[in-house]
>>> print(open('entry-v4.cif').read())   # mmCIF, C-alpha atoms
data_input
loop_
_atom_site.label_atom_id
_atom_site.label_comp_id
_atom_site.auth_asym_id
_atom_site.auth_seq_id
_atom_site.Cartn_x
_atom_site.Cartn_y
_atom_site.Cartn_z
CA MET A 1 -181.41 68.66 -109.08
CA SER A 2 -179.42 71.40 -110.73
CA ASP A 3 -181.84 74.06 -109.51
CA ASN A 4 -181.41 72.94 -105.92
CA LEU A 5 -177.66 72.86 -106.29
CA LEU A 6 -177.68 76.37 -107.64
CA SER A 7 -179.67 77.58 -104.68
CA ALA A 8 -177.32 75.68 -102.37
CA SER A 9 -174.44 77.74 -103.67
CA ARG A 10 -176.22 80.88 -102.50
CA VAL A 11 -176.66 81.71 -98.83
CA ILE A 12 -178.39 78.73 -97.25
CA THR A 13 -181.39 79.74 -95.18
CA ASP A 14 -183.11 77.32 -92.80
CA LYS A 15 -185.89 77.02 -95.32
CA VAL A 16 -183.51 75.91 -98.05
CA ALA A 17 -181.60 73.64 -95.69
CA GLU A 18 -184.75 71.62 -95.09
CA ASN A 19 -184.85 70.76 -98.73
CA ILE A 20 -181.28 69.56 -99.04
CA SER A 21 -181.57 65.96 -99.97
CA ARG A 22 -179.19 63.09 -99.42
CA VAL A 23 -178.21 63.35 -103.09
CA GLU A 24 -177.10 66.92 -102.59
CA GLU A 25 -175.17 65.99 -99.45
CA LEU A 26 -173.43 63.31 -101.46
CA ALA A 27 -172.56 65.82 -104.18
CA TYR A 28 -170.47 67.57 -101.54
CA GLU A 29 -169.00 64.38 -100.07
CA ILE A 30 -167.96 62.58 -103.24
CA ARG A 31 -164.72 63.60 -105.00
CA VAL A 32 -164.47 64.06 -108.75
CA ARG A 33 -161.78 61.36 -108.98
CA GLU A 34 -164.19 58.79 -107.54
CA VAL A 35 -166.66 59.10 -110.40
CA MET A 36 -164.55 60.26 -113.40
CA THR A 37 -163.46 58.07 -116.29
CA SER A 38 -159.72 57.61 -115.86
CA GLN A 39 -158.86 55.80 -119.08
CA VAL A 40 -159.06 58.76 -121.41
CA ILE A 41 -158.65 58.72 -125.15
CA THR A 42 -156.63 61.82 -126.09
CA MET A 43 -155.82 63.57 -129.38
CA HIS A 44 -152.70 65.39 -130.58
CA PRO A 45 -153.01 68.98 -131.89
CA ASN A 46 -151.55 67.90 -135.24
CA ASP A 47 -153.93 64.93 -135.70
CA ALA A 48 -156.25 65.41 -138.68
CA MET A 49 -159.94 66.01 -137.97
CA GLN A 50 -160.54 62.86 -140.05
CA THR A 51 -158.76 60.91 -137.27
CA VAL A 52 -161.00 62.56 -134.67
CA LEU A 53 -164.09 61.45 -136.60
CA GLU A 54 -162.87 57.85 -136.80
CA THR A 55 -161.79 57.77 -133.14
CA PHE A 56 -165.11 59.19 -131.91
CA ARG A 57 -167.05 56.71 -134.04
CA GLN A 58 -165.05 53.66 -132.96
CA ALA A 59 -164.79 54.52 -129.27
CA ARG A 60 -168.37 55.89 -129.17
CA ILE A 61 -167.25 59.07 -127.40
CA SER A 62 -168.27 62.66 -127.98
CA GLY A 63 -165.19 64.56 -126.82
CA ALA A 64 -161.48 64.20 -126.04
CA PRO A 65 -158.74 66.25 -124.38
CA VAL A 66 -155.95 67.45 -126.63
CA LEU A 67 -152.43 66.84 -125.28
CA GLU A 68 -149.11 68.23 -126.45
CA GLU A 69 -146.06 66.67 -124.78
CA GLY A 70 -148.25 65.55 -121.91
CA ASN A 71 -149.72 69.01 -121.33
CA LEU A 72 -153.42 69.68 -121.67
CA ILE A 73 -153.85 72.39 -124.28
CA GLY A 74 -157.44 71.98 -125.45
CA LEU A 75 -160.61 69.99 -125.80
CA ILE A 76 -162.09 68.69 -129.02
CA SER A 77 -165.77 67.77 -129.06
CA ILE A 78 -168.40 66.47 -131.42
CA GLU A 79 -169.68 70.05 -131.86
CA ASP A 80 -166.25 71.06 -133.16
CA LEU A 81 -166.34 68.07 -135.47
CA ILE A 82 -169.74 69.11 -136.85
CA ARG A 83 -168.44 72.61 -137.61
CA CYS A 84 -165.56 71.00 -139.45
CA LEU A 85 -167.84 68.65 -141.39
CA LEU A 86 -170.02 71.57 -142.53
CA LYS A 87 -166.93 73.16 -144.01
CA GLN A 88 -165.83 69.80 -145.46
CA ASP A 89 -162.47 70.41 -143.85
CA LEU A 90 -161.59 66.97 -142.43
CA ALA A 91 -157.94 67.27 -143.47
CA ALA A 92 -157.42 70.22 -141.08
CA PRO A 93 -155.43 69.67 -137.87
CA VAL A 94 -157.15 69.40 -134.47
CA HIS A 95 -155.72 72.67 -133.12
CA GLN A 96 -157.74 74.67 -135.68
CA TYR A 97 -161.07 73.45 -134.32
CA MET A 98 -160.40 72.59 -130.66
CA THR A 99 -161.43 74.78 -127.70
CA PRO A 100 -158.11 75.99 -126.26
CA HIS A 101 -157.54 76.49 -122.50
CA PRO A 102 -160.53 74.40 -121.46
CA VAL A 103 -162.18 74.77 -118.07
CA VAL A 104 -160.91 71.97 -115.84
CA VAL A 105 -161.81 70.51 -112.47
CA LYS A 106 -159.43 69.00 -109.95
CA GLY A 107 -159.63 65.34 -108.97
CA ASP A 108 -159.89 66.29 -105.29
CA ASP A 109 -162.76 68.74 -105.86
CA SER A 110 -166.17 67.65 -104.71
CA VAL A 111 -168.57 66.65 -107.44
CA VAL A 112 -170.63 69.76 -106.77
CA GLU A 113 -167.82 71.89 -108.26
CA ALA A 114 -168.13 70.01 -111.55
CA LEU A 115 -171.92 70.32 -111.39
CA LYS A 116 -171.66 74.09 -110.96
CA VAL A 117 -169.63 74.31 -114.17
CA PHE A 118 -172.04 72.06 -116.04
CA VAL A 119 -174.97 74.21 -114.90
CA SER A 120 -173.40 77.58 -115.67
CA LYS A 121 -171.67 76.68 -118.96
CA LYS A 122 -172.85 74.45 -121.72
CA TYR A 123 -169.98 71.97 -121.65
CA GLY A 124 -170.77 68.28 -121.96
CA ARG A 125 -167.53 67.12 -120.37
CA LEU A 126 -164.69 68.47 -118.30
CA PRO A 127 -161.04 67.35 -118.21
CA VAL A 128 -159.91 66.38 -114.70
CA VAL A 129 -156.38 67.35 -113.58
CA ASP A 130 -154.19 66.64 -110.56
CA SER A 131 -152.63 69.36 -108.40
CA ASN A 132 -149.83 69.78 -110.98
CA GLY A 133 -152.29 70.37 -113.79
CA HIS A 134 -151.68 66.98 -115.41
CA LEU A 135 -154.64 65.22 -117.02
CA ILE A 136 -155.90 62.30 -114.92
CA GLY A 137 -159.38 61.77 -116.35
CA ILE A 138 -162.53 63.17 -117.85
CA ILE A 139 -165.95 63.69 -116.29
CA THR A 140 -169.43 63.96 -117.82
CA LYS A 141 -172.85 64.56 -116.25
CA GLY A 142 -173.56 60.87 -116.82
CA ASP A 143 -170.49 59.91 -114.73
CA ILE A 144 -171.81 62.05 -111.88
CA THR A 145 -175.29 60.56 -112.03
CA ARG A 146 -173.89 57.02 -112.00
CA GLY A 147 -171.53 57.85 -109.13
CA LEU A 148 -174.33 59.35 -107.02
CA LEU A 149 -176.58 56.37 -107.67
CA ARG A 150 -173.81 53.99 -106.60
CA ALA A 151 -173.27 55.98 -103.40
CA LEU A 152 -177.00 56.00 -102.60
CA GLU A 153 -177.07 52.26 -103.08
CA ARG A 154 -174.13 51.89 -100.67
CA ASP A 155 -176.03 53.95 -98.06
CA TYR A 156 -179.00 51.68 -98.40
CA GLN A 157 -176.95 48.51 -98.34
CA SER A 158 -175.03 49.34 -95.15
CA GLU A 159 -178.23 49.25 -93.05
CA GLU A 160 -179.31 46.14 -94.97
CA VAL A 161 -175.99 44.46 -94.17
CA ARG A 162 -176.37 45.33 -90.48
CA ARG A 163 -179.80 43.83 -90.49
CA TYR A 164 -178.67 40.80 -92.39
CA ARG A 165 -175.80 40.12 -90.01
CA ALA A 166 -178.00 40.61 -86.94
CA SER A 167 -180.82 38.48 -88.29
CA HIS A 168 -178.40 35.58 -88.80
CA LEU A 169 -177.08 35.85 -85.26
CA PHE A 170 -179.21 33.00 -84.01
CA GLU A 171 -178.43 30.79 -86.98
CA ASP A 172 -174.69 31.38 -86.88
CA ILE A 173 -174.19 30.61 -83.21
CA GLU A 174 -175.02 27.06 -82.21
CA SER A 175 -176.08 26.07 -78.74
CA GLU A 176 -178.88 24.16 -77.03
CA ARG A 177 -180.59 27.46 -76.38
CA THR A 178 -179.21 30.78 -77.62
CA SER A 179 -180.38 34.10 -76.25
CA LEU A 180 -179.36 37.71 -76.37
CA ILE A 181 -179.74 39.74 -73.19
CA LEU A 182 -180.06 43.52 -73.21
CA ARG A 183 -179.87 45.26 -69.85
CA TYR A 184 -180.60 48.90 -69.01
CA ASN A 185 -180.42 50.80 -65.73
CA ILE A 186 -183.16 53.40 -65.42
CA LYS A 187 -182.84 56.35 -63.03
CA GLN A 188 -185.75 57.73 -61.07
CA GLY A 189 -186.87 61.13 -62.36
CA ASP A 190 -184.70 60.99 -65.47
CA PHE A 191 -187.39 62.21 -67.84
CA GLU A 192 -184.81 63.50 -70.29
CA HIS A 193 -183.67 59.98 -71.16
CA GLY A 194 -187.06 58.39 -70.65
CA GLY A 195 -187.75 56.03 -73.53
CA GLU A 196 -184.14 55.58 -74.59
CA ALA A 197 -183.96 51.98 -73.43
CA SER A 198 -187.21 51.03 -75.15
CA ALA A 199 -186.12 52.78 -78.35
CA LYS A 200 -182.89 50.75 -78.29
CA ILE A 201 -184.72 47.50 -77.68
CA LYS A 202 -187.11 48.27 -80.52
CA ARG A 203 -184.24 49.01 -82.92
CA ALA A 204 -182.41 45.84 -81.87
CA LEU A 205 -185.51 43.77 -82.59
CA LEU A 206 -185.91 45.26 -86.05
CA ARG A 207 -182.27 44.55 -86.82
CA LEU A 208 -182.70 41.01 -85.60
CA GLY A 209 -185.42 40.60 -88.17
CA ALA A 210 -188.54 40.93 -86.00
CA SER A 211 -191.66 42.11 -87.80
CA PRO A 212 -192.64 45.79 -87.38
CA GLN A 213 -195.75 44.70 -85.43
CA ILE A 214 -193.71 42.70 -82.92
CA ALA A 215 -191.18 45.52 -82.54
CA ARG A 216 -194.02 47.99 -82.01
CA ARG A 217 -195.82 45.89 -79.39
CA CYS A 218 -192.59 45.28 -77.53
CA GLY A 219 -191.53 48.94 -77.81
CA ILE A 220 -194.81 50.24 -76.38
CA ALA A 221 -194.84 47.73 -73.51
CA VAL A 222 -191.24 48.45 -72.50
CA TYR A 223 -191.77 52.21 -72.87
CA GLU A 224 -194.71 52.18 -70.46
CA ALA A 225 -192.65 50.11 -68.01
CA GLU A 226 -189.66 52.41 -68.43
CA MET A 227 -191.77 55.49 -67.69
CA ASN A 228 -193.18 53.72 -64.62
CA LEU A 229 -189.63 53.24 -63.30
CA ILE A 230 -188.89 56.92 -63.88
CA ILE A 231 -192.16 58.19 -62.41
CA HIS A 232 -192.96 55.88 -59.52
CA THR A 233 -189.81 54.34 -58.04
CA THR A 234 -187.61 55.63 -55.25
CA GLU A 235 -184.28 55.10 -57.03
CA GLY A 236 -185.09 53.68 -60.42
CA GLY A 237 -184.71 50.12 -61.58
CA VAL A 238 -183.57 47.72 -64.25
CA ILE A 239 -184.95 46.59 -67.59
CA ARG A 240 -183.70 43.23 -68.79
CA ALA A 241 -184.83 41.99 -72.16
CA GLU A 242 -183.95 38.49 -73.25
CA ILE A 243 -184.38 37.79 -76.93
CA GLU A 244 -184.65 34.21 -78.12
CA PRO A 245 -185.70 32.92 -81.51
CA HIS A 246 -189.13 31.93 -80.17
CA GLN A 247 -189.85 34.65 -77.58
CA ILE A 248 -188.91 37.94 -75.99
CA SER A 249 -188.92 37.95 -72.20
CA ILE A 250 -188.78 41.28 -70.44
CA ASP A 251 -188.10 41.63 -66.76
CA VAL A 252 -188.52 45.06 -65.17
CA TYR A 253 -187.70 45.37 -61.48
CA ASP A 254 -187.08 48.05 -58.89
CA TYR A 255 -186.37 48.33 -55.17
CA GLY A 256 -189.24 50.43 -54.03
CA PRO A 257 -191.55 51.70 -52.92
CA GLY A 258 -193.77 48.99 -54.39
CA ILE A 259 -197.45 48.98 -55.22
CA ARG A 260 -199.96 48.94 -52.36
CA ASP A 261 -202.76 47.28 -54.28
CA VAL A 262 -201.72 45.48 -57.46
CA GLU A 263 -205.29 44.69 -58.47
CA LEU A 264 -206.28 48.34 -58.18
CA ALA A 265 -203.18 49.41 -60.14
CA MET A 266 -204.23 47.18 -63.00
CA GLN A 267 -207.58 48.96 -63.35
CA PRO A 268 -207.87 51.35 -66.30
CA GLY A 269 -207.75 54.97 -65.19
CA TYR A 270 -206.26 54.32 -61.75
CA SER A 271 -203.17 56.41 -61.19
CA THR A 272 -201.06 57.79 -58.36
CA ALA A 273 -199.06 60.09 -60.62
CA SER A 274 -198.30 63.66 -59.57
CA GLU A 275 -199.62 66.76 -61.32
CA LYS A 276 -196.17 67.35 -62.84
CA VAL A 277 -196.18 63.92 -64.43
CA ARG A 278 -199.70 64.43 -65.74
CA GLU A 279 -198.61 67.68 -67.36
CA MET A 280 -196.07 65.65 -69.29
CA GLY A 281 -198.82 63.56 -70.80
CA PHE A 282 -198.47 60.58 -68.50
CA GLY A 283 -200.20 59.29 -65.42
CA ALA A 284 -203.55 58.58 -67.03
CA GLY A 285 -203.65 55.19 -65.38
CA MET A 286 -203.38 53.40 -68.68
CA GLY A 287 -199.78 52.17 -68.53
CA LEU A 288 -200.32 48.68 -67.16
CA VAL A 289 -203.50 48.25 -69.16
CA ASN A 290 -201.58 49.23 -72.26
CA ILE A 291 -198.78 46.79 -71.46
CA LYS A 292 -201.28 43.97 -71.00
CA ARG A 293 -202.72 44.71 -74.43
CA CYS A 294 -199.30 44.53 -76.09
CA VAL A 295 -197.81 41.38 -74.59
CA ASP A 296 -198.84 37.74 -74.71
CA TRP A 297 -198.20 37.12 -71.03
CA MET A 298 -197.53 39.35 -68.04
CA LYS A 299 -197.11 38.98 -64.32
CA LEU A 300 -196.95 41.88 -61.87
CA GLU A 301 -195.67 41.21 -58.36
CA SER A 302 -195.11 43.84 -55.73
CA GLU A 303 -194.60 44.19 -52.03
CA TRP A 304 -195.15 47.57 -50.45
CA GLY A 305 -191.88 48.87 -49.03
CA LYS A 306 -189.78 46.38 -50.97
CA GLY A 307 -190.24 46.73 -54.69
CA THR A 308 -191.97 45.65 -57.85
CA ARG A 309 -191.25 43.09 -60.51
CA LEU A 310 -193.04 43.08 -63.84
CA ARG A 311 -192.44 40.19 -66.18
CA MET A 312 -193.71 40.12 -69.75
CA LYS A 313 -193.43 37.75 -72.68
CA ILE A 314 -194.06 38.22 -76.36
CA TYR A 315 -194.09 34.99 -78.34
CA LEU A 316 -192.48 35.10 -81.76
CA PRO A 317 -194.04 33.21 -84.62
CA PRO A 318 -191.84 30.59 -86.26
CA PRO A 319 -190.04 32.09 -89.29
CA HIS A 320 -191.86 32.33 -92.63
CA THR A 321 -195.36 32.20 -91.18
CA HIS A 322 -197.79 35.07 -91.22
CA THR A 323 -197.58 37.17 -88.07
CA LYS A 324 -200.61 38.11 -86.07
CA GLY A 325 -200.42 41.85 -86.49
CA GLU A 326 -201.70 44.29 -83.94
CA ASN A 327 -203.20 46.27 -86.77
CA SER A 328 -203.93 43.53 -89.23
CA ASN A 329 -207.42 44.91 -89.70
CA PRO A 330 -207.12 48.67 -90.06
CA THR A 331 -210.41 50.50 -90.23
CA MET B 1 -202.10 62.29 -97.69
CA GLU B 2 -198.63 63.54 -98.45
CA LEU B 3 -196.91 65.22 -95.50
CA LYS B 4 -196.31 68.19 -97.82
CA ARG B 5 -200.05 68.65 -98.29
CA ALA B 6 -200.75 68.42 -94.54
CA ILE B 7 -198.13 71.10 -93.87
CA GLU B 8 -199.76 73.33 -96.49
CA ILE B 9 -203.20 72.92 -94.94
CA LEU B 10 -201.83 73.77 -91.49
CA ASP B 11 -199.69 76.61 -92.81
CA GLY B 12 -197.03 74.77 -90.85
CA GLU B 13 -193.41 75.54 -90.20
CA VAL B 14 -191.04 72.56 -90.41
CA LEU B 15 -188.65 72.72 -87.46
CA THR B 16 -186.39 69.76 -88.22
CA THR B 17 -184.00 69.38 -91.14
CA SER B 18 -183.75 66.59 -93.70
CA VAL B 19 -187.49 66.02 -93.89
CA ASN B 20 -188.89 63.90 -96.66
CA LEU B 21 -191.98 65.90 -97.53
CA ASN B 22 -193.28 63.26 -99.90
CA ARG B 23 -193.88 60.78 -97.10
CA GLN B 24 -197.44 59.60 -96.68
CA VAL B 25 -199.47 59.98 -93.52
CA LYS B 26 -202.35 57.54 -93.28
CA GLY B 27 -204.40 59.61 -90.88
CA GLY B 28 -204.36 61.88 -87.87
CA VAL B 29 -204.36 61.63 -84.09
CA GLY B 30 -204.93 64.56 -81.72
CA ALA B 31 -203.80 63.92 -78.15
CA ASP B 32 -202.02 65.45 -75.18
CA LEU B 33 -202.17 62.24 -73.24
CA MET B 34 -199.20 60.17 -74.33
CA SER B 35 -200.77 57.01 -72.91
CA ASP B 36 -203.65 57.58 -75.30
CA VAL B 37 -201.26 57.88 -78.19
CA LEU B 38 -199.59 54.64 -77.17
CA SER B 39 -202.82 52.74 -76.71
CA SER B 40 -204.97 54.02 -79.53
CA THR B 41 -202.76 55.12 -82.40
CA GLN B 42 -202.43 53.08 -85.55
CA PRO B 43 -199.09 53.22 -87.43
CA GLU B 44 -198.06 55.99 -89.84
CA ALA B 45 -200.19 58.68 -88.26
CA LEU B 46 -199.70 62.43 -88.02
CA LEU B 47 -199.73 63.29 -84.31
CA LEU B 48 -201.16 66.67 -83.33
CA THR B 49 -200.33 67.66 -79.78
CA GLY B 50 -199.87 70.55 -77.41
CA LEU B 51 -197.04 68.81 -75.57
CA CYS B 52 -193.50 69.86 -76.39
CA ASN B 53 -191.31 67.68 -74.16
CA PRO B 54 -188.94 64.99 -75.52
CA GLN B 55 -191.41 62.30 -74.44
CA VAL B 56 -193.60 63.30 -77.35
CA VAL B 57 -190.85 62.17 -79.71
CA ARG B 58 -190.20 58.98 -77.73
CA THR B 59 -193.89 58.19 -77.81
CA ALA B 60 -193.98 58.86 -81.54
CA VAL B 61 -191.10 56.43 -82.11
CA MET B 62 -192.89 53.71 -80.16
CA ALA B 63 -196.24 54.27 -81.83
CA ASP B 64 -194.71 54.45 -85.35
CA VAL B 65 -195.95 58.02 -85.80
CA THR B 66 -194.76 59.56 -89.09
CA ALA B 67 -194.63 63.23 -88.05
CA ILE B 68 -195.51 65.46 -85.09
CA VAL B 69 -197.46 68.73 -85.29
CA LEU B 70 -197.23 71.16 -82.38
CA VAL B 71 -200.37 73.27 -82.17
CA ARG B 72 -200.92 76.94 -81.20
CA GLY B 73 -197.57 77.99 -82.64
CA LYS B 74 -195.62 76.25 -79.89
CA GLN B 75 -191.85 76.06 -80.21
CA PRO B 76 -190.30 72.98 -78.60
CA PRO B 77 -187.27 73.08 -76.29
CA ASN B 78 -183.91 72.14 -77.74
CA GLU B 79 -183.87 68.60 -76.28
CA THR B 80 -187.09 67.81 -78.13
CA LEU B 81 -185.75 69.18 -81.41
CA GLN B 82 -182.49 67.29 -81.02
CA LEU B 83 -184.23 64.01 -80.28
CA ALA B 84 -186.60 64.45 -83.22
CA GLU B 85 -183.60 65.12 -85.42
CA ASN B 86 -181.81 61.98 -84.21
CA GLU B 87 -184.87 59.79 -84.57
CA GLY B 88 -185.69 61.22 -87.99
CA ILE B 89 -189.20 62.31 -87.00
CA PRO B 90 -190.31 65.62 -88.55
CA LEU B 91 -191.51 68.29 -86.11
CA ILE B 92 -193.95 70.82 -87.49
CA SER B 93 -195.35 73.89 -85.78
CA THR B 94 -198.75 75.32 -86.73
CA ARG B 95 -200.34 78.55 -85.50
CA TYR B 96 -203.78 76.89 -85.40
CA GLY B 97 -205.11 75.50 -82.14
CA MET B 98 -205.72 71.79 -81.68
CA PHE B 99 -209.42 72.05 -82.58
CA GLU B 100 -208.92 74.02 -85.77
CA ALA B 101 -205.82 72.11 -86.90
CA CYS B 102 -207.60 68.76 -86.57
CA GLY B 103 -210.70 70.20 -88.22
CA ARG B 104 -208.82 71.50 -91.22
CA LEU B 105 -207.05 68.20 -91.82
CA TYR B 106 -210.22 66.15 -91.34
CA GLN B 107 -212.11 68.39 -93.73
CA ALA B 108 -209.36 67.91 -96.31
CA GLY B 109 -209.95 64.17 -96.12
CA LEU B 110 -207.37 62.98 -93.59
CA PRO B 111 -209.01 60.11 -91.68
CA CYS B 112 -208.85 59.49 -87.94
CA LEU B 113 -206.34 56.89 -86.74
CA GLU B 114 -207.52 56.79 -83.12
CA ARG B 115 -209.26 53.64 -81.96
CA PRO B 116 -212.07 53.76 -79.43
CA VAL B 117 -211.54 52.12 -76.04
CA SER B 118 -214.08 49.43 -76.83
CA SER B 119 -211.82 47.90 -79.49
CA GLU B 120 -208.88 47.47 -77.10
#
>>> encode(input="entry-v4.cif", output="C-alpha cells")
Amino acid sequence: MSDNLLSASRVITDKVAENISRVEELAYEIRVREVMTSQVITMHPNDAMQTVLETFRQARISGAPVLEEGNLIGLISIEDLIRCLLKQDLAAPVHQYMTPHPVVVKGDDSVVEALKVFVSKKYGRLPVVDSNGHLIGIITKGDITRGLLRALERDYQSEEVRRYRASHLFEDIESERTSLILRYNIKQGDFEHGGEASAKIKRALLRLGASPQIARRCGIAVYEAEMNLIIHTTEGGVIRAEIEPHQISIDVYDYGPGIRDVELAMQPGYSTASEKVREMGFGAGMGLVNIKRCVDWMKLESEWGKGTRLRMKIYLPPPHTHTKGENSNPT
Amino acid sequence: MELKRAIEILDGEVLTTSVNLNRQVKGGVGADLMSDVLSSTQPEALLLTGLCNPQVVRTAVMADVTAIVLVRGKQPPNETLQLAENEGIPLISTRYGMFEACGRLYQAGLPCLERPVSSE
C-alpha cells in the first residue's frame, strides 16, 4: 500500500489513476482525528527514565509524548529507552533521551499525510495536534490500518443495509396483496437512454432480494422490450413492472404503429429494423424469441395502426427453495 | 482467468478507472450482434466486440458480462465511457482485430461462453 501511496503523491497519470484503490481513496477522505488514539499517556521532561520503563510496561505502549506545562516538547519511545538501558542510566530525566521537536500531524489532516511521514521517516508514532499546536492524540500505523478497515466495512454494510431494508419491504407492510409498481416512459428513438429502465428494474429486483438468475432473466426480457419501443414505435411507450412476492408482471405498451403479423414477428430471424438499427447491433429478429426464452409466460397483442401490448410474467420461487437457474448447468 | 491476464494477452489499454484487475472472467464471447449477446452469453464473460455505442454497456449489464473489450484499437465515444464508468464495467481497447483477439485468448485457455442456438 505504501508504494502506491508514494506514487500517488507524484503526478498522477491515467495509468496510475486506474490503480487507485478504494483504500487509497479512503486514505484521502478519512481525517487523522477519526482514527487516532485520543486518550494519550504523556510523560514530563523531569520524569526519570525508570518511570518511563514502568509506564510502558504497565500500559503496554511503545512511545509517549512529552509535555511541559501543556506544551508538546518531545517524544520518548522504546528505542530511546533501550539506549538508556544499554548505558544503565535509568535515573536520568526524560529530556536527556527524548526526541525534541517531534514531527506532528494535525487532527484535520487526511490520513494520507500521516502515511507519507511514516513512509519517509522511520517513526512508529506521531503526536496529533489541533490548530493551536496542542496535543489531542497520538497515531500509529496500526491505528490507520484499523480505521481504514472500519471504513471499508461501512462501505460494504451500507449496500447490505439497503438490500436488507428493501428485501423486508413485503414482510413489513401488511395487506391482502402487496405489490410494488415501477413505471417508465420510453421515448421513440432515444437510443442514448435505451436500457436505463431495464437496468433500474434489474437493480430494484436485486435489492428486493431476487436471485441473480431471476434478475438477469427479467433484465434481458425488459431490455429487449425497451429497445423495441425505441426502435419500432411511432412515439414510444410505457414499461410497467409490478413486483409481488410470488411473481413479476411486466406490461409494455405503445400507441403505434402496431405489428402487421404477430405470428411472423415471433419467428426467429424476422425483423423490420432499419440499417441504422442493425449497425447498432440490434434488429436481428431475435428480440421476441429472446424474451420468450427468459419469461415464464408471455402474451403479445397488436393491432396495426393502433398499438402493441406485450405482457410477461416471471414466477418467483417461494423463499428458501432452490431456484431454477437459467445457467444451472454451465458447460 | 484473471482480467489482468486477459489484458496482458490482448496488450490491452484499460479505458475506465477504478478497475479491479483481479476479477475473474469465466470465458469469452465475441459478438457484434447485441441480441446474440443477450441470448447466448453465460454470466461473467469477457465480451469482445466491434461496437462502441452505449448499448454495448447496457447489454453487458443485462447479460452479467464482467468486462468489455473493443477490438481493432477502437476508442468509444464519451457516452459509452461514462456509462461504463457508472455501471462499473471495465472497458478495454485492444489493437488486435476480433479474429486475432479471440484466437489469442482461446489459445491461452479462455473457454467459450456462447451457447449454440440448439440449446435455447
>>> resolve_selection(input="entry-v4.cif", expression="the PyMOL selection byres ((chain A) within 6 of (chain B))", output="list of chain:residue names")
A:Glu18, A:Gly195, A:Gly219, A:Ile220, A:Gly281, A:Phe282, A:Asn290
>>> write_last_selection(input="entry-v4.cif", atoms="C-alpha atoms", output="PDB file, in the frame of the given file")
ATOM      1  CA  GLU A  18    -184.750  71.620 -95.090  1.00  0.00           C
ATOM      2  CA  GLY A 195    -187.750  56.030 -73.530  1.00  0.00           C
ATOM      3  CA  GLY A 219    -191.530  48.940 -77.810  1.00  0.00           C
ATOM      4  CA  ILE A 220    -194.810  50.240 -76.380  1.00  0.00           C
ATOM      5  CA  GLY A 281    -198.820  63.560 -70.800  1.00  0.00           C
ATOM      6  CA  PHE A 282    -198.470  60.580 -68.500  1.00  0.00           C
ATOM      7  CA  ASN A 290    -201.580  49.230 -72.260  1.00  0.00           C
TER       8      ASN A 290
END
>>> closest_residue(input="entry-v4.cif", among="B:Ile92, B:Met1, B:Leu47, B:Leu105", to="Val25 of chain B", atoms="all atoms listed in the file")
B:Met1
>>> residues_around(input="entry-v4.cif", residues="segment 2-10 of chain B", least_positions_apart="3", cutoff="6 Å", atoms="all atoms listed in the file", output="list in words")
Leu21, Asn22, Arg23, Gln24 and Thr94 of chain B
>>> atom_distance(input="entry-v4.cif", atom1="atom CA of Glu69 of chain A", atom2="atom CA of Asn46 of chain A")
11.9 Å
>>> closest_residue(input="entry-v4.cif", among="A:Arg83, A:Arg177, A:Arg309, A:Arg31", to="Val105 of chain A", atoms="all atoms listed in the file")
A:Arg31
>>> atom_distance(input="entry-v4.cif", atom1="atom CA of Tyr28 of chain A", atom2="atom CA of Val111 of chain A")
6.3 Å
>>> atom_distance(input="entry-v4.cif", atom1="atom CA of Met266 of chain A", atom2="atom CA of Gly189 of chain A")
22.3 Å
>>> axis_aligned_box(input="entry-v4.cif", around="segment 113-118 of chain B", padding_each_side="5 Å", output="AutoDock Vina command-line options")
--center_x -210.2 --center_y 53.2 --center_z -81.4 --size_x 17.7 --size_y 17.5 --size_z 20.7
>>> residues_around(input="entry-v4.cif", residues="Arg183 of chain A", least_positions_apart="2", cutoff="7 Å", atoms="only C-alpha atoms", output="NGL selection string")
:A and (181 or 185 or 239-241)
>>> resolve_selection(input="entry-v4.cif", expression="the PyMOL selection byres ((chain A and resi 295-301) around 10)", output="NGL selection string")
:A and (214 or 217-218 or 220-222 or 247-253 or 258-259 or 262-263 or 265-266 or 288 or 290-294 or 302-303 or 307-316)
>>> residues_around(input="entry-v4.cif", residues="Arg95 of chain B", least_positions_apart="2", cutoff="10 Å", atoms="all atoms listed in the file", output="list in words")
Leu10, Asp11, Gly12, Glu13, Leu70, Val71, Arg72, Gly73, Lys74, Ser93, Gly97, Met98, Glu100 and Ala101 of chain B
>>> residues_around(input="entry-v4.cif", residues="Ala210 of chain A", least_positions_apart="6", cutoff="12 Å", atoms="all atoms listed in the file", output="compact mmCIF listing (two decimals) with C-alpha atoms, in the frame of the given file")
# COMPACT_ATOMS: atom_id res chain seq x y z
CA ARG A 163 -179.80 43.83 -90.49
CA TYR A 164 -178.67 40.80 -92.39
CA ALA A 166 -178.00 40.61 -86.94
CA SER A 167 -180.82 38.48 -88.29
CA HIS A 168 -178.40 35.58 -88.80
CA ILE A 201 -184.72 47.50 -77.68
CA LYS A 202 -187.11 48.27 -80.52
CA ARG A 203 -184.24 49.01 -82.92
CA ALA A 204 -182.41 45.84 -81.87
CA ARG A 216 -194.02 47.99 -82.01
CA ARG A 217 -195.82 45.89 -79.39
CA CYS A 218 -192.59 45.28 -77.53
CA GLY A 219 -191.53 48.94 -77.81
CA ILE A 243 -184.38 37.79 -76.93
CA GLU A 244 -184.65 34.21 -78.12
CA PRO A 245 -185.70 32.92 -81.51
CA HIS A 246 -189.13 31.93 -80.17
CA GLN A 247 -189.85 34.65 -77.58
CA ILE A 248 -188.91 37.94 -75.99
CA ILE A 314 -194.06 38.22 -76.36
CA TYR A 315 -194.09 34.99 -78.34
CA LEU A 316 -192.48 35.10 -81.76
CA PRO A 317 -194.04 33.21 -84.62
CA PRO A 318 -191.84 30.59 -86.26
CA PRO A 319 -190.04 32.09 -89.29
CA HIS A 320 -191.86 32.33 -92.63
CA THR A 323 -197.58 37.17 -88.07
CA GLY A 325 -200.42 41.85 -86.49
>>> closest_residue(input="entry-v4.cif", among="A:Asn132, A:Asn228, A:Gln88, A:Thr140", to="Ala64 of chain A", atoms="all atoms listed in the file")
A:Thr140
>>> residues_around(input="entry-v4.cif", residues="Leu149 of chain A", least_positions_apart="2", cutoff="12 Å", atoms="only C-alpha atoms", output="number ranges by chain")
A: 22-24, 26-27, 30, 35, 142-147, 151-156
>>> resolve_selection(input="entry-v4.cif", expression="the PyMOL selection byres ((chain A and resi 73) around 12)", output="VMD selection string")
chain A and resid 42 to 45 64 to 72 74 to 76 94 to 95 98 to 104 127 133 to 135
